[in-house]
Amino acid sequence: MIWLGLAVAIFLGALYFSPPRAFTKAPLAWLGPAAILFLAIAWNISPSLPGQPSGKFYGLIFHFYGASLLTAMFGPAIALSILFPVAFLGVYVIQGSYVEASQHYLMVCVLPTIFAYLSIQIIQRFIPKHLFVLIMGNGYVAAFVSVILSGVFLLLIQLAMGTTSQIDLEGWLLGLIIIAFMEGSLSGMLLAILLIFRPHWVSTYNEEAYMSR
């Protein structure tokens, strides 16, 4: 119940800090539900190489969380608002455990969103504004860093609690790097496509700043 209460509190806080009526206006009026459905499906697609041992957190894993991309597009508040129903649609509806859904929301939504937002803020403040920097920084780098830092943060918590005796540390770290590369590659690619065809969907894009020359 504590996990669920914390997840709901963060979700309600995200809704409170989201722009007023943001979800009733285009493009979020239809893009929000579409993103929820897409990510709920993506969370449950994780094919691996033939012959990969079951239960091992390594191998070629295709997975997409989407927290960093949503943060780059709409900001952290809207991203967390969208990811909450994703967690409960993609985890609770399928697995039937609200504890698992709450933990997924906190670990693979809240933490990556926070780290992605901090990464984007650092990139925008200290790196010269260039379209390539926007795509690589806000797309690839922010997503990669958000996954790595979230994984390391969770590992440190487990080390502090002394619950790492059953963890294959080498496989865990290798899997984390693979997932981070996948997350970064997909986020960067999708952000580039959106900047070409739907730049008004990306809140971190400022045409005057990036295209003035």
# chains A, B, ... in the order shown; residues from 1 in each chain; ligands from 1

call {"tool": "select_by_dssp", "arguments": {"residues": "region 41-194 of chain A", "states": "alpha helix (DSSP H)", "output": "MDAnalysis selection string"}}
result
chainID A and resid 41:42 67:74 76:87 93:95 98:105 111:126 131:133 142:161 169:194

call {"tool": "closest_residue", "arguments": {"among": "A:Val8, A:Ala101, A:Val145, A:Leu69", "to": "Leu191 (chain A)", "atoms": "only C-alpha atoms"}}
result
A:Leu69

call {"tool": "residues_around", "arguments": {"residues": "Phe64 (chain A)", "least_positions_apart": "6", "cutoff": "10 Å", "atoms": "only C-alpha atoms", "output": "list in words"}}
result
Leu39, Ala40, Ile41, Ala42, Trp43, Asn44, Ile45, Ser46, Ile179, Ala180, Met182, Glu183, Gly184, Ser185, Leu186 and Ser187 of chain A

call {"tool": "residues_around", "arguments": {"residues": "region 83-93 of chain A", "least_positions_apart": "3", "cutoff": "8 Å", "atoms": "only C-alpha atoms", "output": "list of chain:residue names"}}
result
A:Ala7, A:Phe11, A:Ile36, A:Leu37, A:Leu39, A:Ala40, A:Ile41, A:Trp43, A:Asn44, A:Ala67, A:Ala79, A:Leu80, A:Gly96, A:Ser97, A:Tyr98, A:Glu100, A:Ala101, A:Ser102, A:His104, A:Tyr105, A:Cys109

call {"tool": "write_last_selection", "arguments": {"atoms": "C-alpha atoms", "output": "short mmCIF file (atom, residue, chain, number, x, y, z; two decimals), in the first residue's frame"}}
result
data_model
loop_
_atom_site.label_atom_id
_atom_site.label_comp_id
_atom_site.auth_asym_id
_atom_site.auth_seq_id
_atom_site.Cartn_x
_atom_site.Cartn_y
_atom_site.Cartn_z
CA ALA A 7 2.99 6.47 -6.87
CA PHE A 11 0.99 11.28 -10.19
CA ILE A 36 -0.20 5.53 -23.24
CA LEU A 37 -1.35 2.70 -25.51
CA LEU A 39 4.13 2.48 -24.35
CA ALA A 40 1.91 -0.05 -22.56
CA ILE A 41 2.46 -2.39 -25.51
CA TRP A 43 6.72 -2.34 -22.11
CA ASN A 44 5.55 -5.89 -22.75
CA ALA A 67 10.27 8.45 -20.02
CA ALA A 79 5.60 12.97 -18.78
CA LEU A 80 4.87 11.63 -15.29
CA GLY A 96 -2.67 -8.15 -11.72
CA SER A 97 -0.35 -6.69 -9.08
CA TYR A 98 -0.72 -3.05 -8.06
CA GLU A 100 4.44 -4.29 -9.26
CA ALA A 101 2.71 -1.51 -11.18
CA SER A 102 3.58 1.04 -8.49
CA HIS A 104 7.49 0.05 -12.12
CA TYR A 105 6.13 3.58 -12.10
CA CYS A 109 9.21 6.23 -14.91
#

call {"tool": "atom_distance", "arguments": {"atom1": "CA of Ala72 (chain A)", "atom2": "CA of Asn138 (chain A)"}}
result
6.1 Å

call {"tool": "residues_around", "arguments": {"residues": "Gly137 (chain A)", "least_positions_apart": "4", "cutoff": "12 Å", "atoms": "only C-alpha atoms", "output": "ChimeraX atom specification"}}
result
/A:68-69,72,116-133,141-146,184-185,187-189,191-192,204-205
